[in-house]
>>> print(open('my_file_18.cif').read())   # mmCIF, C-alpha atoms and all ligand atoms
data_protein
loop_
_atom_site.label_atom_id
_atom_site.label_comp_id
_atom_site.auth_asym_id
_atom_site.auth_seq_id
_atom_site.Cartn_x
_atom_site.Cartn_y
_atom_site.Cartn_z
CA MET K 1 6.87 10.29 3.65
CA GLN K 2 4.16 7.60 3.75
CA LYS K 3 5.62 4.31 2.47
CA ILE K 4 3.58 2.35 -0.04
CA LEU K 5 3.00 -1.34 -0.65
CA ALA K 6 1.37 -1.74 -4.06
CA LEU K 7 0.21 -5.27 -4.74
CA ASN K 8 -0.26 -6.17 -8.39
CA LEU K 9 -2.22 -9.41 -8.47
CA LYS K 10 -1.73 -9.59 -12.27
CA THR K 11 -3.61 -12.49 -13.92
CA TYR K 12 -2.16 -15.32 -11.87
CA GLN K 13 -5.37 -16.61 -10.34
CA THR K 14 -8.24 -17.87 -12.45
CA GLN K 15 -10.87 -18.59 -9.80
CA ALA K 16 -12.78 -15.68 -8.28
CA LYS K 17 -12.87 -17.41 -4.91
CA ASP K 18 -9.06 -17.58 -4.81
CA ILE K 19 -8.76 -13.87 -5.55
CA GLU K 20 -11.33 -13.13 -2.86
CA LYS K 21 -9.27 -15.14 -0.41
CA VAL K 22 -6.09 -13.19 -1.20
CA ILE K 23 -7.90 -9.86 -0.90
CA LYS K 24 -9.25 -10.84 2.51
CA LYS K 25 -5.81 -12.00 3.61
CA ILE K 26 -4.29 -8.69 2.50
CA ALA K 27 -6.99 -6.73 4.37
CA ALA K 28 -6.29 -8.74 7.53
CA LEU K 29 -2.50 -8.28 7.27
CA GLN K 30 -2.88 -4.57 6.60
CA THR K 31 -4.38 -4.07 10.06
CA GLY K 32 -1.55 -2.76 12.16
CA SER K 33 0.74 -2.13 9.17
CA LYS K 34 2.26 1.30 8.66
CA ALA K 35 2.23 0.95 4.88
CA LEU K 36 -0.35 2.46 2.58
CA SER K 37 -1.44 -0.77 0.90
CA ILE K 38 -2.83 -0.60 -2.61
CA VAL K 39 -4.52 -3.73 -3.94
CA CYS K 40 -4.65 -4.05 -7.74
CA PRO K 41 -6.83 -7.07 -8.62
CA PRO K 42 -7.52 -8.41 -12.10
CA MET K 43 -9.94 -6.08 -13.90
CA PRO K 44 -13.07 -8.31 -13.64
CA MET K 45 -12.58 -8.38 -9.86
CA VAL K 46 -12.25 -4.63 -9.31
CA SER K 47 -15.88 -4.10 -8.40
CA LEU K 48 -15.98 -6.95 -5.91
CA ALA K 49 -12.62 -5.92 -4.43
CA GLY K 50 -14.05 -2.45 -3.83
CA LYS K 51 -16.78 -4.08 -1.73
CA LEU K 52 -14.49 -6.54 0.06
CA LEU K 53 -11.85 -4.06 1.16
CA PRO K 54 -12.76 -2.35 4.42
CA ARG K 55 -12.76 1.45 4.19
CA LYS K 56 -9.56 2.48 5.85
CA LYS K 57 -7.14 5.31 5.36
CA LEU K 58 -4.20 3.00 4.66
CA LEU K 59 -5.97 0.50 2.41
CA ALA K 60 -6.79 1.46 -1.16
CA LEU K 61 -8.06 -0.11 -4.35
CA GLY K 62 -5.97 0.06 -7.49
CA ALA K 63 -6.38 -1.02 -11.12
CA GLN K 64 -3.75 -2.69 -13.28
CA ASP K 65 -4.42 -0.56 -16.36
CA VAL K 66 -6.91 1.89 -17.86
CA PHE K 67 -8.18 2.88 -21.27
CA VAL K 68 -6.26 5.74 -22.80
CA GLY K 69 -9.31 7.84 -23.69
CA GLU K 70 -12.65 8.67 -22.16
CA ALA K 71 -15.94 6.73 -22.53
CA GLY K 72 -17.39 5.60 -25.85
CA ALA K 73 -17.32 2.86 -28.47
CA PHE K 74 -14.14 1.17 -27.28
CA THR K 75 -14.80 -2.55 -27.00
CA GLY K 76 -12.81 -4.37 -24.35
CA THR K 77 -11.46 -1.39 -22.47
CA SER K 78 -12.06 0.05 -18.98
CA SER K 79 -12.62 3.78 -18.70
CA ALA K 80 -11.02 5.82 -15.96
CA ALA K 81 -14.42 7.24 -15.02
CA LEU K 82 -15.84 3.75 -14.43
CA LEU K 83 -12.80 2.72 -12.38
CA LYS K 84 -13.24 5.83 -10.28
CA ASP K 85 -16.93 5.02 -9.78
CA LEU K 86 -15.89 1.54 -8.57
CA LYS K 87 -13.77 3.17 -5.81
CA VAL K 88 -10.40 2.84 -7.55
CA GLN K 89 -7.92 5.41 -6.25
CA TYR K 90 -4.68 4.31 -7.95
CA VAL K 91 -4.02 3.04 -11.47
CA ILE K 92 -0.87 1.31 -12.68
CA VAL K 93 0.10 2.74 -16.06
CA GLY K 94 2.95 1.80 -18.36
CA HIS K 95 3.64 -1.54 -16.74
CA SER K 96 6.31 -3.33 -18.76
CA GLU K 97 3.85 -6.13 -19.51
CA ARG K 98 1.53 -3.56 -21.15
CA ARG K 99 4.44 -1.90 -22.91
CA ALA K 100 5.52 -5.33 -24.23
CA ALA K 101 2.00 -5.69 -25.66
CA GLY K 102 2.52 -2.54 -27.72
CA GLU K 103 1.89 0.38 -25.37
CA THR K 104 4.08 3.35 -26.27
CA ASP K 105 5.45 6.18 -24.12
CA ALA K 106 2.86 8.43 -25.80
CA ASP K 107 0.06 6.05 -24.73
CA VAL K 108 1.39 6.02 -21.18
CA ASN K 109 1.51 9.81 -21.23
CA LYS K 110 -2.16 9.97 -22.29
CA LYS K 111 -3.14 7.43 -19.63
CA ILE K 112 -1.44 9.51 -16.93
CA ARG K 113 -3.52 12.51 -18.04
CA THR K 114 -6.73 10.46 -18.11
CA VAL K 115 -6.11 9.04 -14.64
CA LEU K 116 -5.28 12.45 -13.18
CA SER K 117 -8.23 14.18 -14.79
CA ASN K 118 -10.51 11.56 -13.25
CA GLY K 119 -9.18 12.28 -9.79
CA MET K 120 -7.05 9.15 -9.32
CA THR K 121 -3.31 8.68 -8.82
CA PRO K 122 -1.22 7.03 -11.54
CA ILE K 123 1.49 4.58 -10.53
CA VAL K 124 3.76 5.08 -13.52
CA CYS K 125 6.14 2.23 -14.32
CA VAL K 126 9.50 2.89 -15.95
CA GLY K 127 12.53 0.66 -16.30
CA GLU K 128 15.19 -0.58 -18.64
CA LEU K 129 15.01 -3.85 -20.56
CA GLU K 130 18.57 -4.78 -19.70
CA ARG K 131 21.83 -3.27 -18.55
CA ASP K 132 25.12 -2.95 -20.41
CA ALA K 133 28.59 -2.41 -19.00
CA SER K 134 29.00 0.98 -20.67
CA HIS K 135 25.76 2.29 -19.08
CA ARG K 136 24.08 3.08 -22.38
CA TYR K 137 20.84 1.92 -20.78
CA LEU K 138 20.81 5.13 -18.77
CA HIS K 139 20.29 7.08 -22.01
CA THR K 140 17.35 4.98 -23.16
CA PHE K 141 15.96 5.04 -19.64
CA THR K 142 16.23 8.84 -19.55
CA ASP K 143 14.46 9.04 -22.93
CA GLN K 144 11.69 6.84 -21.60
CA VAL K 145 11.17 9.01 -18.52
CA ILE K 146 11.17 12.22 -20.58
CA ALA K 147 8.69 10.84 -23.15
CA THR K 148 6.46 9.35 -20.48
CA PHE K 149 6.06 12.69 -18.67
CA ALA K 150 6.33 14.96 -21.75
CA GLY K 151 4.27 18.12 -21.53
CA LEU K 152 2.87 17.37 -18.10
CA LYS K 153 2.81 20.26 -15.67
CA GLU K 154 4.99 20.16 -12.61
CA PHE K 155 2.07 19.60 -10.25
CA GLU K 156 0.81 16.77 -12.45
CA ILE K 157 4.15 14.96 -12.32
CA GLN K 158 4.24 15.52 -8.59
CA SER K 159 0.82 13.90 -8.30
CA CYS K 160 2.19 10.66 -9.79
CA ILE K 161 3.82 7.78 -8.00
CA ILE K 162 6.69 6.39 -10.06
CA ALA K 163 7.67 2.73 -9.94
CA TYR K 164 11.19 1.87 -11.01
CA GLU K 165 10.82 -1.61 -12.43
CA PRO K 166 13.83 -2.94 -14.34
CA ILE K 167 12.37 -5.46 -16.78
CA TRP K 168 15.28 -7.85 -16.24
CA ALA K 169 14.25 -8.16 -12.59
CA ILE K 170 10.52 -8.81 -13.12
CA GLY K 171 8.70 -12.11 -13.07
CA ALA K 172 9.53 -15.79 -12.81
CA LYS K 173 12.23 -15.60 -15.50
CA ALA K 174 14.22 -12.90 -13.69
CA LYS K 175 17.65 -14.04 -12.60
CA ARG K 176 17.59 -11.73 -9.61
CA SER K 177 15.98 -8.63 -8.16
CA ALA K 178 17.85 -5.35 -8.38
CA THR K 179 20.01 -4.84 -5.31
CA PRO K 180 18.80 -2.29 -2.76
CA ASP K 181 21.74 -0.08 -3.82
CA GLU K 182 20.68 -0.29 -7.48
CA ALA K 183 17.12 0.62 -6.49
CA VAL K 184 18.35 3.66 -4.54
CA GLU K 185 20.65 4.76 -7.38
CA MET K 186 17.80 4.61 -9.88
CA ALA K 187 15.36 6.35 -7.54
CA LEU K 188 17.88 9.19 -7.29
CA PHE K 189 18.47 9.10 -11.04
CA ILE K 190 14.73 9.43 -11.72
CA SER K 191 14.60 12.38 -9.35
CA LYS K 192 17.51 13.99 -11.21
CA VAL K 193 15.86 13.47 -14.63
CA LEU K 194 12.59 14.94 -13.34
CA HIS K 195 14.49 17.94 -12.06
CA GLU K 196 16.86 18.53 -14.95
CA GLN K 197 14.81 17.38 -17.93
CA CYS K 198 11.18 17.65 -16.87
CA GLY K 199 11.37 20.91 -14.93
CA VAL K 200 10.20 19.54 -11.59
CA LYS K 201 11.62 21.87 -8.96
CA ASN K 202 10.36 19.99 -5.96
CA HIS K 203 11.60 16.66 -7.35
CA GLN K 204 12.40 15.23 -3.91
CA SER K 205 8.70 15.08 -3.15
CA VAL K 206 7.95 12.62 -5.96
CA GLN K 207 7.47 9.14 -4.56
CA VAL K 208 9.52 6.39 -6.22
CA LEU K 209 8.78 2.72 -5.59
CA TYR K 210 10.91 -0.26 -6.49
CA GLY K 211 9.45 -3.33 -8.21
CA GLY K 212 10.96 -6.55 -9.54
CA SER K 213 11.22 -9.86 -7.65
CA VAL K 214 10.37 -8.35 -4.28
CA ASN K 215 9.35 -10.97 -1.74
CA GLY K 216 8.77 -11.42 1.96
CA SER K 217 12.49 -11.91 2.62
CA ASN K 218 14.06 -9.04 0.68
CA ALA K 219 11.34 -6.37 1.06
CA GLU K 220 12.85 -4.84 4.18
CA ASP K 221 16.24 -4.29 2.48
CA PHE K 222 14.67 -2.05 -0.18
CA LEU K 223 12.92 0.05 2.42
CA ALA K 224 16.08 0.82 4.37
CA SER K 225 16.74 3.94 2.29
CA ASP K 226 14.58 7.06 2.51
CA HIS K 227 14.91 7.39 -1.26
CA VAL K 228 12.80 4.30 -1.93
CA HIS K 229 9.26 5.14 -0.90
CA GLY K 230 7.76 1.71 -1.24
CA LEU K 231 7.37 -1.43 -3.30
CA LEU K 232 5.39 -2.66 -6.27
CA VAL K 233 5.03 -6.39 -5.90
CA GLY K 234 3.83 -8.99 -8.42
CA ARG K 235 4.19 -12.70 -7.73
CA ALA K 236 4.60 -12.42 -3.96
CA SER K 237 1.23 -10.57 -3.73
CA ILE K 238 -0.72 -13.77 -4.19
CA ASP K 239 1.56 -15.99 -2.14
CA PRO K 240 0.26 -16.54 1.40
CA GLN K 241 3.79 -17.52 2.48
CA GLN K 242 5.27 -14.22 1.27
CA LEU K 243 2.53 -11.76 2.22
CA PRO K 244 3.25 -11.60 5.98
CA GLY K 245 6.92 -10.77 5.31
CA LEU K 246 5.94 -8.01 2.89
CA PHE K 247 3.75 -6.31 5.46
CA ALA K 248 6.23 -6.89 8.27
CA ALA K 249 8.89 -5.04 6.25
CA PHE K 250 6.99 -1.77 6.82
CA LYS K 251 7.69 -1.30 10.47
P1 LIG J 301 7.34 -9.47 -9.72
O1 LIG J 301 6.58 -8.38 -10.60
O2 LIG J 301 7.26 -9.01 -8.30
O3 LIG J 301 6.59 -10.75 -9.96
O4 LIG J 301 8.74 -9.54 -10.24
C1 LIG J 301 6.68 -7.04 -10.31
C2 LIG J 301 5.85 -6.25 -11.27
O5 LIG J 301 5.74 -6.64 -12.44
O6 LIG J 301 5.24 -5.25 -10.89
#
>>> encode(input="my_file_18.cif", output="structure tokens", more="lines below")
Ligand code: PGA
Amino acid sequence: MQKILALNLKTYQTQAKDIEKVIKKIAALQTGSKALSIVCPPMPMVSLAGKLLPRKKLLALGAQDVFVGEAGAFTGTSSAALLKDLKVQYVIVGHSERRAAGETDADVNKKIRTVLSNGMTPIVCVGELERDASHRYLHTFTDQVIATFAGLKEFEIQSCIIAYEPIWAIGAKAKRSATPDEAVEMALFISKVLHEQCGVKNHQSVQVLYGGSVNGSNAEDFLASDHVHGLLVGRASIDPQQLPGLFAAFK
């Protein structure tokens, strides 16, 4: 299965020229890499990124979010149709930072439908807030997965990329990343939930990425298992010291 390196540039950089520089660096590093690299710039930079990224099979443009509905009087949102017109192929939906701002499982579900119906691929983020010794988090996690994919047809779920992103492992405040074993366990767990609760027969074909404090030094460890199909990276995406290690991990 094609391994994926999804780079979420978030809102770290505030100067367009700095974002341009990172995008160019990513495009240069991607040459010779076996990964499918997906660059998700801040929304105001999507159009320019679409022009800066060379057209290549293994280099794609992504967006960090999308409006839940179609076009219309929705101030401050970005429609899926416009993103598609700007050459976006992948859209992150349900990122924990959007969920923390009030996005519900039902919103994420609608966004998945909107992205799919506009011919793009959703990268659907799921993950627990924290873990407890008695593994109760697995129940809430299961509920989240079920609600996120509720009512979607099997082929629609199979068209999604899922990113397992434990919230406790994301961002500068994270104490640690998940371990590669934890990432594999949860990738398998997601596959099991899709099979048993969401009716996905061919659940092994759904791609599951890991995200949360991935950097140039630990990336390779997560890719050692065939059950982890790639990485969703935040902070390290804009760090010129970390980027070469990220790409090198996809041998
Ligand atoms: P991080 O973020 O790599 O900075 O932990 C990952 C993410 O939020 O997708």
>>> closest_residue(input="my_file_18.cif", among="K:Ile162, K:Met120, K:Leu7, K:Val228", to="ligand LIG 301 (chain J)", atoms="all atoms listed in the file")
K:Leu7
>>> closest_residue(input="my_file_18.cif", among="K:Asn8, K:Gln2, K:Thr104, K:Thr77", to="ligand LIG 301 (chain J)", atoms="all atoms listed in the file")
K:Asn8
>>> residues_near_ligand(input="my_file_18.cif", ligand="ligand LIG 301 (chain J)", cutoff="10 Å", atoms="all atoms listed in the file", output="PyMOL selection string")
chain K and resi 6-10+64+92+95-97+125+163-174+176-177+210-215+231-238
>>> closest_residue(input="my_file_18.cif", among="K:Leu5, K:Ile161, K:Val108, K:Ala187", to="K:Phe149", atoms="all atoms listed in the file")
K:Val108
>>> atom_distance(input="my_file_18.cif", atom1="atom CA of K:Arg98", atom2="atom CA of K:Leu53")
26.0 Å
>>> residues_around(input="my_file_18.cif", residues="K:Asp85", least_positions_apart="5", cutoff="12 Å", atoms="all atoms listed in the file", output="ChimeraX atom specification")
/K:46-47,50,61,78-80,118-120
>>> atom_distance(input="my_file_18.cif", atom1="atom CA of K:Leu129", atom2="atom CA of K:Ala101")
14.1 Å
>>> closest_residue(input="my_file_18.cif", among="K:Leu194, K:Ala27, K:Ala133, K:Ile4", to="K:Val206", atoms="all atoms listed in the file")
K:Leu194
